>>> print(open('structure.pdb').read())   # PDB, C-alpha atoms
MODEL        1
ATOM      1  CA  MET F   9       3.915   5.987  -8.673  1.00  0.00           C
ATOM      2  CA  ARG F  10       4.319   2.926 -10.894  1.00  0.00           C
ATOM      3  CA  LEU F  11       1.516   0.477 -11.705  1.00  0.00           C
ATOM      4  CA  ILE F  12       2.117  -3.004 -13.150  1.00  0.00           C
ATOM      5  CA  VAL F  13      -0.683  -5.369 -14.144  1.00  0.00           C
ATOM      6  CA  LEU F  14       0.645  -8.854 -13.386  1.00  0.00           C
ATOM      7  CA  GLY F  15      -2.351 -10.670 -14.828  1.00  0.00           C
ATOM      8  CA  THR F  16      -5.811 -10.111 -16.303  1.00  0.00           C
ATOM      9  CA  SER F  17      -7.257 -13.618 -16.554  1.00  0.00           C
ATOM     10  CA  CYS F  18      -9.874 -15.074 -14.206  1.00  0.00           C
ATOM     11  CA  SER F  19     -10.566 -18.599 -12.906  1.00  0.00           C
ATOM     12  CA  ASN F  20      -7.604 -20.129 -14.764  1.00  0.00           C
ATOM     13  CA  PRO F  21      -4.476 -18.766 -16.450  1.00  0.00           C
ATOM     14  CA  THR F  22      -4.017 -18.853 -20.204  1.00  0.00           C
ATOM     15  CA  VAL F  23      -0.905 -19.066 -22.376  1.00  0.00           C
ATOM     16  CA  GLU F  24      -1.032 -15.311 -22.901  1.00  0.00           C
ATOM     17  CA  ARG F  25      -2.427 -14.106 -19.582  1.00  0.00           C
ATOM     18  CA  ASN F  26      -1.763 -14.880 -15.935  1.00  0.00           C
ATOM     19  CA  LEU F  27      -4.450 -14.666 -13.255  1.00  0.00           C
ATOM     20  CA  THR F  28      -5.509 -11.225 -12.059  1.00  0.00           C
ATOM     21  CA  ALA F  29      -3.071  -9.351  -9.828  1.00  0.00           C
ATOM     22  CA  ILE F  30      -1.777  -5.786  -9.642  1.00  0.00           C
ATOM     23  CA  ALA F  31       1.475  -4.403  -8.216  1.00  0.00           C
ATOM     24  CA  LEU F  32       1.819  -0.731  -7.326  1.00  0.00           C
ATOM     25  CA  GLN F  33       5.102   0.957  -6.431  1.00  0.00           C
ATOM     26  CA  PHE F  34       5.131   4.123  -4.359  1.00  0.00           C
ATOM     27  CA  GLU F  35       8.006   5.785  -2.520  1.00  0.00           C
ATOM     28  CA  GLY F  36      10.236   2.690  -2.870  1.00  0.00           C
ATOM     29  CA  ASN F  37       7.711   0.157  -1.558  1.00  0.00           C
ATOM     30  CA  TRP F  38       5.548  -2.288  -3.463  1.00  0.00           C
ATOM     31  CA  PHE F  39       1.873  -2.906  -2.714  1.00  0.00           C
ATOM     32  CA  LEU F  40       0.338  -6.110  -4.082  1.00  0.00           C
ATOM     33  CA  PHE F  41      -3.369  -6.485  -4.803  1.00  0.00           C
ATOM     34  CA  ASP F  42      -4.331 -10.177  -4.815  1.00  0.00           C
ATOM     35  CA  CYS F  43      -1.852 -13.026  -5.125  1.00  0.00           C
ATOM     36  CA  PRO F  44      -2.958 -15.863  -7.412  1.00  0.00           C
ATOM     37  CA  GLU F  45      -0.774 -18.742  -8.563  1.00  0.00           C
ATOM     38  CA  GLY F  46       2.110 -17.607 -10.737  1.00  0.00           C
ATOM     39  CA  THR F  47       2.293 -14.173  -9.116  1.00  0.00           C
ATOM     40  CA  GLN F  48       5.929 -14.310  -8.025  1.00  0.00           C
ATOM     41  CA  ARG F  49       7.039 -15.454 -11.488  1.00  0.00           C
ATOM     42  CA  GLN F  50       5.152 -12.534 -13.024  1.00  0.00           C
ATOM     43  CA  MET F  51       6.799 -10.242 -10.487  1.00  0.00           C
ATOM     44  CA  MET F  52      10.260 -11.461 -11.466  1.00  0.00           C
ATOM     45  CA  LYS F  53       9.497 -10.983 -15.168  1.00  0.00           C
ATOM     46  CA  SER F  54       8.204  -7.460 -14.528  1.00  0.00           C
ATOM     47  CA  GLY F  55      10.976  -6.253 -12.221  1.00  0.00           C
ATOM     48  CA  VAL F  56       8.791  -6.178  -9.100  1.00  0.00           C
ATOM     49  CA  SER F  57      10.845  -6.876  -5.948  1.00  0.00           C
ATOM     50  CA  TYR F  58       9.035  -9.427  -3.786  1.00  0.00           C
ATOM     51  CA  MET F  59      11.396  -8.597  -0.920  1.00  0.00           C
ATOM     52  CA  ARG F  60      10.188  -4.985  -0.986  1.00  0.00           C
ATOM     53  CA  VAL F  61       6.492  -5.834  -0.910  1.00  0.00           C
ATOM     54  CA  HIS F  62       5.192  -3.794   2.006  1.00  0.00           C
ATOM     55  CA  SER F  63       1.568  -4.956   2.027  1.00  0.00           C
ATOM     56  CA  ILE F  64      -0.719  -7.444   0.294  1.00  0.00           C
ATOM     57  CA  PHE F  65      -4.396  -6.599  -0.155  1.00  0.00           C
ATOM     58  CA  LEU F  66      -6.676  -9.583  -0.745  1.00  0.00           C
ATOM     59  CA  SER F  67     -10.056  -9.030  -2.349  1.00  0.00           C
ATOM     60  CA  HIS F  68     -11.510 -12.427  -1.379  1.00  0.00           C
ATOM     61  CA  PHE F  69     -10.574 -16.073  -0.883  1.00  0.00           C
ATOM     62  CA  HIS F  70     -11.468 -17.769  -4.126  1.00  0.00           C
ATOM     63  CA  ALA F  71      -8.527 -19.886  -5.246  1.00  0.00           C
ATOM     64  CA  ASP F  72      -7.703 -17.781  -8.312  1.00  0.00           C
ATOM     65  CA  HIS F  73      -6.905 -14.829  -6.043  1.00  0.00           C
ATOM     66  CA  VAL F  74      -4.837 -16.355  -3.222  1.00  0.00           C
ATOM     67  CA  LEU F  75      -3.082 -19.583  -4.238  1.00  0.00           C
ATOM     68  CA  GLY F  76       0.162 -17.758  -4.951  1.00  0.00           C
ATOM     69  CA  LEU F  77       0.414 -16.480  -1.391  1.00  0.00           C
ATOM     70  CA  PRO F  78       2.076 -19.507   0.300  1.00  0.00           C
ATOM     71  CA  GLY F  79       4.721 -19.731  -2.411  1.00  0.00           C
ATOM     72  CA  LEU F  80       5.461 -16.017  -2.241  1.00  0.00           C
ATOM     73  CA  ILE F  81       5.799 -16.095   1.542  1.00  0.00           C
ATOM     74  CA  ALA F  82       8.039 -19.183   1.303  1.00  0.00           C
ATOM     75  CA  THR F  83      10.321 -17.363  -1.151  1.00  0.00           C
ATOM     76  CA  MET F  84      10.500 -14.356   1.163  1.00  0.00           C
ATOM     77  CA  ALA F  85      11.447 -16.635   4.060  1.00  0.00           C
ATOM     78  CA  MET F  86      14.031 -18.493   1.971  1.00  0.00           C
ATOM     79  CA  HIS F  87      15.724 -15.185   1.162  1.00  0.00           C
ATOM     80  CA  GLU F  88      15.698 -14.262   4.880  1.00  0.00           C
ATOM     81  CA  ARG F  89      13.229 -11.416   4.848  1.00  0.00           C
ATOM     82  CA  ASP F  90      13.364  -9.625   8.199  1.00  0.00           C
ATOM     83  CA  LEU F  91      10.700  -6.946   7.730  1.00  0.00           C
ATOM     84  CA  PRO F  92       7.045  -7.455   8.696  1.00  0.00           C
ATOM     85  CA  LEU F  93       4.587  -8.269   5.915  1.00  0.00           C
ATOM     86  CA  TYR F  94       1.155  -6.674   6.194  1.00  0.00           C
ATOM     87  CA  VAL F  95      -1.814  -8.614   4.820  1.00  0.00           C
ATOM     88  CA  TYR F  96      -5.284  -7.064   4.586  1.00  0.00           C
ATOM     89  CA  GLY F  97      -8.530  -8.717   3.596  1.00  0.00           C
ATOM     90  CA  PRO F  98     -12.230  -9.139   4.381  1.00  0.00           C
ATOM     91  CA  LYS F  99     -13.710 -10.839   7.421  1.00  0.00           C
ATOM     92  CA  GLY F 100     -12.236 -14.315   7.877  1.00  0.00           C
ATOM     93  CA  THR F 101      -8.807 -13.427   6.476  1.00  0.00           C
ATOM     94  CA  LYS F 102      -6.905 -14.339   9.666  1.00  0.00           C
ATOM     95  CA  LYS F 103      -8.386 -17.842   9.718  1.00  0.00           C
ATOM     96  CA  GLU F 104      -7.729 -18.387   6.009  1.00  0.00           C
ATOM     97  CA  ILE F 105      -4.104 -17.238   6.297  1.00  0.00           C
ATOM     98  CA  GLU F 106      -3.591 -19.720   9.150  1.00  0.00           C
ATOM     99  CA  LYS F 107      -4.995 -22.489   6.932  1.00  0.00           C
ATOM    100  CA  ILE F 108      -2.652 -21.564   4.102  1.00  0.00           C
ATOM    101  CA  MET F 109       0.374 -21.572   6.395  1.00  0.00           C
ATOM    102  CA  ASP F 110      -0.575 -24.931   7.949  1.00  0.00           C
ATOM    103  CA  LEU F 111      -1.242 -26.514   4.562  1.00  0.00           C
ATOM    104  CA  ALA F 112       2.166 -25.463   3.258  1.00  0.00           C
ATOM    105  CA  LEU F 113       3.943 -26.693   6.426  1.00  0.00           C
ATOM    106  CA  MET F 114       5.724 -23.385   6.323  1.00  0.00           C
ATOM    107  CA  ARG F 115       8.249 -21.935   8.735  1.00  0.00           C
ATOM    108  CA  LYS F 116       8.550 -18.191   8.458  1.00  0.00           C
ATOM    109  CA  ASN F 117      11.349 -16.065   9.894  1.00  0.00           C
ATOM    110  CA  PHE F 118       9.492 -12.751   9.736  1.00  0.00           C
ATOM    111  CA  GLU F 119       6.259 -11.404  11.137  1.00  0.00           C
ATOM    112  CA  ILE F 120       3.016 -11.505   9.147  1.00  0.00           C
ATOM    113  CA  ARG F 121       0.548  -8.939  10.441  1.00  0.00           C
ATOM    114  CA  VAL F 122      -2.987  -9.724   9.289  1.00  0.00           C
ATOM    115  CA  LYS F 123      -5.839  -7.243   9.555  1.00  0.00           C
ATOM    116  CA  GLU F 124      -9.469  -7.819   8.617  1.00  0.00           C
ATOM    117  CA  VAL F 125     -11.124  -4.745   7.121  1.00  0.00           C
ATOM    118  CA  GLY F 126     -14.487  -3.623   5.806  1.00  0.00           C
ATOM    119  CA  ARG F 127     -15.414  -0.197   4.541  1.00  0.00           C
ATOM    120  CA  GLY F 128     -13.130   2.767   5.221  1.00  0.00           C
ATOM    121  CA  LYS F 129      -9.480   3.506   5.793  1.00  0.00           C
ATOM    122  CA  VAL F 130      -7.261   0.404   5.751  1.00  0.00           C
ATOM    123  CA  CYS F 131      -3.852   1.965   6.320  1.00  0.00           C
ATOM    124  CA  GLU F 132      -1.994   5.219   5.883  1.00  0.00           C
ATOM    125  CA  GLY F 133       1.511   6.492   5.240  1.00  0.00           C
ATOM    126  CA  GLU F 134       2.985   9.962   5.253  1.00  0.00           C
ATOM    127  CA  LYS F 135       2.096  10.507   1.586  1.00  0.00           C
ATOM    128  CA  TYR F 136      -0.677   7.990   0.900  1.00  0.00           C
ATOM    129  CA  GLU F 137      -3.730   6.252   2.282  1.00  0.00           C
ATOM    130  CA  ILE F 138      -5.605   3.111   1.241  1.00  0.00           C
ATOM    131  CA  ASP F 139      -9.350   2.644   1.657  1.00  0.00           C
ATOM    132  CA  SER F 140     -11.523  -0.422   1.118  1.00  0.00           C
ATOM    133  CA  PHE F 141     -15.136  -0.864   0.089  1.00  0.00           C
ATOM    134  CA  PRO F 142     -17.400  -3.944  -0.190  1.00  0.00           C
ATOM    135  CA  LEU F 143     -18.162  -5.592  -3.537  1.00  0.00           C
ATOM    136  CA  LYS F 144     -21.009  -7.952  -4.410  1.00  0.00           C
ATOM    137  CA  HIS F 145     -19.678 -11.477  -4.894  1.00  0.00           C
ATOM    138  CA  GLY F 146     -20.407 -15.019  -3.774  1.00  0.00           C
ATOM    139  CA  VAL F 147     -18.151 -14.586  -0.734  1.00  0.00           C
ATOM    140  CA  PRO F 148     -17.055 -11.522   1.304  1.00  0.00           C
ATOM    141  CA  CYS F 149     -15.167  -9.365  -1.193  1.00  0.00           C
ATOM    142  CA  LEU F 150     -13.450  -5.983  -1.170  1.00  0.00           C
ATOM    143  CA  GLY F 151     -12.185  -3.398  -3.613  1.00  0.00           C
ATOM    144  CA  TYR F 152      -9.367  -1.039  -2.674  1.00  0.00           C
ATOM    145  CA  VAL F 153      -8.470   2.577  -3.427  1.00  0.00           C
ATOM    146  CA  PHE F 154      -4.853   3.745  -3.265  1.00  0.00           C
ATOM    147  CA  LYS F 155      -4.796   7.524  -2.877  1.00  0.00           C
ATOM    148  CA  GLU F 156      -1.710   9.702  -2.996  1.00  0.00           C
ATOM    149  CA  LYS F 157      -2.268  12.566  -0.582  1.00  0.00           C
ATOM    150  CA  ASP F 158      -2.758  15.993  -2.116  1.00  0.00           C
ATOM    151  CA  LYS F 159       0.284  18.222  -2.164  1.00  0.00           C
ATOM    152  CA  LYS F 160      -0.842  21.506  -0.676  1.00  0.00           C
ATOM    153  CA  GLY F 161       2.159  23.449  -1.885  1.00  0.00           C
ATOM    154  CA  THR F 162       5.915  23.838  -1.565  1.00  0.00           C
ATOM    155  CA  PHE F 163       7.542  24.807   1.730  1.00  0.00           C
ATOM    156  CA  GLN F 164       9.921  27.729   1.226  1.00  0.00           C
ATOM    157  CA  ARG F 165      12.864  26.980   3.473  1.00  0.00           C
ATOM    158  CA  GLU F 166      14.687  30.262   2.843  1.00  0.00           C
ATOM    159  CA  LYS F 167      11.646  32.327   3.810  1.00  0.00           C
ATOM    160  CA  ALA F 168      11.202  30.381   7.044  1.00  0.00           C
ATOM    161  CA  LEU F 169      14.817  30.930   8.040  1.00  0.00           C
ATOM    162  CA  LYS F 170      14.636  34.604   7.121  1.00  0.00           C
ATOM    163  CA  LEU F 171      11.571  35.008   9.349  1.00  0.00           C
ATOM    164  CA  GLY F 172      13.468  33.383  12.210  1.00  0.00           C
ATOM    165  CA  ILE F 173      11.501  30.144  12.311  1.00  0.00           C
ATOM    166  CA  PRO F 174      14.001  27.415  13.317  1.00  0.00           C
ATOM    167  CA  GLU F 175      14.196  24.181  11.381  1.00  0.00           C
ATOM    168  CA  GLY F 176      12.358  21.326  13.085  1.00  0.00           C
ATOM    169  CA  PRO F 177       8.817  20.486  14.256  1.00  0.00           C
ATOM    170  CA  LEU F 178       7.519  24.017  13.598  1.00  0.00           C
ATOM    171  CA  TRP F 179       8.211  23.605   9.890  1.00  0.00           C
ATOM    172  CA  SER F 180       6.161  20.418   9.838  1.00  0.00           C
ATOM    173  CA  ARG F 181       3.253  22.142  11.586  1.00  0.00           C
ATOM    174  CA  LEU F 182       3.311  24.998   9.078  1.00  0.00           C
ATOM    175  CA  GLN F 183       3.237  22.512   6.193  1.00  0.00           C
ATOM    176  CA  LYS F 184       0.172  20.907   7.772  1.00  0.00           C
ATOM    177  CA  GLY F 185      -1.600  24.278   7.771  1.00  0.00           C
ATOM    178  CA  GLU F 186      -1.121  25.162  11.437  1.00  0.00           C
ATOM    179  CA  LYS F 187      -0.092  28.503  12.894  1.00  0.00           C
ATOM    180  CA  VAL F 188       3.047  28.577  15.052  1.00  0.00           C
ATOM    181  CA  LYS F 189       4.688  30.941  17.518  1.00  0.00           C
ATOM    182  CA  VAL F 190       8.361  31.777  17.874  1.00  0.00           C
ATOM    183  CA  LYS F 191       9.351  33.928  20.860  1.00  0.00           C
ATOM    184  CA  GLY F 192       5.796  35.176  21.177  1.00  0.00           C
ATOM    185  CA  LYS F 193       5.461  36.088  17.496  1.00  0.00           C
ATOM    186  CA  ALA F 194       2.819  34.251  15.444  1.00  0.00           C
ATOM    187  CA  PHE F 195       3.406  32.962  11.909  1.00  0.00           C
ATOM    188  CA  LYS F 196       0.860  31.712   9.378  1.00  0.00           C
ATOM    189  CA  PRO F 197       1.428  28.910   6.854  1.00  0.00           C
ATOM    190  CA  GLU F 198       0.895  31.248   3.903  1.00  0.00           C
ATOM    191  CA  GLN F 199       3.994  33.189   4.951  1.00  0.00           C
ATOM    192  CA  VAL F 200       6.239  30.225   4.092  1.00  0.00           C
ATOM    193  CA  MET F 201       4.134  28.094   1.722  1.00  0.00           C
ATOM    194  CA  ASP F 202       3.883  28.480  -2.043  1.00  0.00           C
ATOM    195  CA  TYR F 203       0.368  27.155  -2.665  1.00  0.00           C
ATOM    196  CA  SER F 204       0.617  27.763  -6.415  1.00  0.00           C
ATOM    197  CA  LYS F 205       2.711  24.585  -6.631  1.00  0.00           C
ATOM    198  CA  GLY F 206       0.094  22.355  -5.003  1.00  0.00           C
ATOM    199  CA  ARG F 207      -1.526  19.466  -6.876  1.00  0.00           C
ATOM    200  CA  LYS F 208      -4.107  16.734  -6.480  1.00  0.00           C
ATOM    201  CA  GLY F 209      -2.771  13.291  -5.632  1.00  0.00           C
ATOM    202  CA  LYS F 210      -3.172  10.345  -8.007  1.00  0.00           C
ATOM    203  CA  LYS F 211      -5.751   7.673  -7.225  1.00  0.00           C
ATOM    204  CA  VAL F 212      -5.926   4.010  -8.280  1.00  0.00           C
ATOM    205  CA  SER F 213      -8.928   1.740  -7.638  1.00  0.00           C
ATOM    206  CA  THR F 214      -8.819  -2.047  -7.838  1.00  0.00           C
ATOM    207  CA  LEU F 215     -11.889  -4.172  -8.536  1.00  0.00           C
ATOM    208  CA  THR F 216     -10.868  -7.826  -8.823  1.00  0.00           C
ATOM    209  CA  GLN F 217     -13.748 -10.297  -8.590  1.00  0.00           C
TER     210      GLN F 217
ENDMDL
END
>>> encode(input="structure.pdb", output="structure tokens")
Amino acid sequence: MRLIVLGTSCSNPTVERNLTAIALQFEGNWFLFDCPEGTQRQMMKSGVSYMRVHSIFLSHFHADHVLGLPGLIATMAMHERDLPLYVYGPKGTKKEIEKIMDLALMRKNFEIRVKEVGRGKVCEGEKYEIDSFPLKHGVPCLGYVFKEKDKKGTFQREKALKLGIPEGPLWSRLQKGEKVKVKGKAFKPEQVMDYSKGRKGKKVSTLTQ
């Protein structure tokens, strides 16, 4: 996991500080939290790949949190992005994104998938999940929590093969804590898992008002 603060100023940028935005890298993808003006320039300076941004999480629609979005999307389109871009935000996000796109007279060559969220799980990957929670502000506003899933332990491949458990879906089930059967014989996860190597996942919370 890699966390880059792209800006810490509010309302207007300063000579030393750009407007508030955070980029988080995990498993090769970038996740962007808010997108004020100047965001893509800050990304370039910091080595954040805008073409590998998987999702953008918007806290609210005050100008100092979203005005960089049309420019960033235009740059993605200009460089022929072909992967979907996921955009999450509070109630009203779909309508506001449509306004931004119309205002910029923008033609995009990739899909933008917008989802309005409230409290609870926003999205999930194999090794992470992102939750949202409401914040008190003058308009609908959200904070987000990026949580790396806990590592329960290390799967011991050699032990599984020695026990006669074939490589494939059964290994995945054992790693998830399920019992499996092979030719009528039952196997428990603890027979092939080293739980001493488990660890708690990292967690990052964003509160940008």
>>> closest_atom_pairs(input="structure.pdb", of="range 84-104 of chain F", to="range 149-160 of chain F", cutoff="9 Å", atoms="all atoms listed in the file", output="Markdown table")
| residue | atom | partner | partner_atom | distance |
| --- | --- | --- | --- | --- |
| F:Gly97 | CA | F:Leu150 | CA | 7.4 |
| F:Pro98 | CA | F:Cys149 | CA | 6.3 |
| F:Lys99 | CA | F:Cys149 | CA | 8.9 |
>>> resolve_selection(input="structure.pdb", expression="the PyMOL selection byres ((chain F and resi 11-14) around 6)", output="PDB file with C-alpha atoms, in the frame of the given file")
ATOM      1  CA  ARG F  10       4.319   2.926 -10.894  1.00  0.00           C
ATOM      2  CA  GLY F  15      -2.351 -10.670 -14.828  1.00  0.00           C
ATOM      3  CA  ALA F  29      -3.071  -9.351  -9.828  1.00  0.00           C
ATOM      4  CA  ILE F  30      -1.777  -5.786  -9.642  1.00  0.00           C
ATOM      5  CA  ALA F  31       1.475  -4.403  -8.216  1.00  0.00           C
ATOM      6  CA  LEU F  32       1.819  -0.731  -7.326  1.00  0.00           C
ATOM      7  CA  GLN F  50       5.152 -12.534 -13.024  1.00  0.00           C
TER       8      GLN F  50
END
>>> resolve_selection(input="structure.pdb", expression="the PyMOL selection byres ((chain F and resi 84) around 12)", output="number ranges by chain")
F: 48, 57-62, 77-83, 85-93, 114-120
>>> closest_residue(input="structure.pdb", among="F:Gly100, F:Val95, F:Pro197, F:Asn20", to="Arg181 in chain F", atoms="all atoms listed in the file")
F:Pro197
>>> atom_distance(input="structure.pdb", atom1="CA of Val130 in chain F", atom2="CA of Tyr96 in chain F")
7.8 Å
>>> residues_around(input="structure.pdb", residues="Gly146 in chain F", least_positions_apart="2", cutoff="12 Å", atoms="only C-alpha atoms", output="list in words")
His68, Phe69, His70, Leu143, Lys144, Pro148, Cys149, Leu150 and Gln217 of chain F
>>> write_last_selection(input="structure.pdb", atoms="C-alpha atoms", output="compact mmCIF listing (two decimals), in the coordinates of the input")
# COMPACT_ATOMS: atom_id res chain seq x y z
CA HIS F 68 -11.51 -12.43 -1.38
CA PHE F 69 -10.57 -16.07 -0.88
CA HIS F 70 -11.47 -17.77 -4.13
CA LEU F 143 -18.16 -5.59 -3.54
CA LYS F 144 -21.01 -7.95 -4.41
CA PRO F 148 -17.06 -11.52 1.30
CA CYS F 149 -15.17 -9.36 -1.19
CA LEU F 150 -13.45 -5.98 -1.17
CA GLN F 217 -13.75 -10.30 -8.59
>>> atom_distance(input="structure.pdb", atom1="CA of Val188 in chain F", atom2="CA of Tyr136 in chain F")
25.3 Å
>>> closest_residue(input="structure.pdb", among="F:Thr22, F:Met52, F:Asp139, F:Gln199", to="Val212 in chain F", atoms="only C-alpha atoms")
F:Asp139
>>> residues_around(input="structure.pdb", residues="Ala194 in chain F", least_positions_apart="2", cutoff="12 Å", atoms="all atoms listed in the file", output="JSON, numbers by chain")
{"F": [171, 172, 173, 178, 182, 186, 187, 188, 189, 190, 191, 192, 196, 197, 199]}
>>> resolve_selection(input="structure.pdb", expression="the PyMOL selection byres ((chain F and resi 28) around 10)", output="number ranges by chain")
F: 13-21, 25-27, 29-30, 41-45, 47, 72-73, 216-217
>>> closest_residue(input="structure.pdb", among="F:Thr101, F:Met201, F:Gly76, F:Gly36", to="Arg49 in chain F", atoms="all atoms listed in the file")
F:Gly76
>>> closest_residue(input="structure.pdb", among="F:Ile138, F:Val23, F:Val200, F:Leu111", to="Phe39 in chain F", atoms="all atoms listed in the file")
F:Ile138
>>> closest_residue(input="structure.pdb", among="F:Gly209, F:Gly161, F:Gly185, F:Gly176", to="Glu137 in chain F", atoms="only C-alpha atoms")
F:Gly209
>>> atom_distance(input="structure.pdb", atom1="CA of Gly128 in chain F", atom2="CA of Ser140 in chain F")
5.4 Å
>>> axis_aligned_box(input="structure.pdb", around="range 186-198 of chain F", padding_each_side="5 Å", output="lines of an AutoDock Vina configuration file")
center_x = 4.1
center_y = 30.6
center_z = 12.5
size_x = 20.5
size_y = 20.9
size_z = 27.3
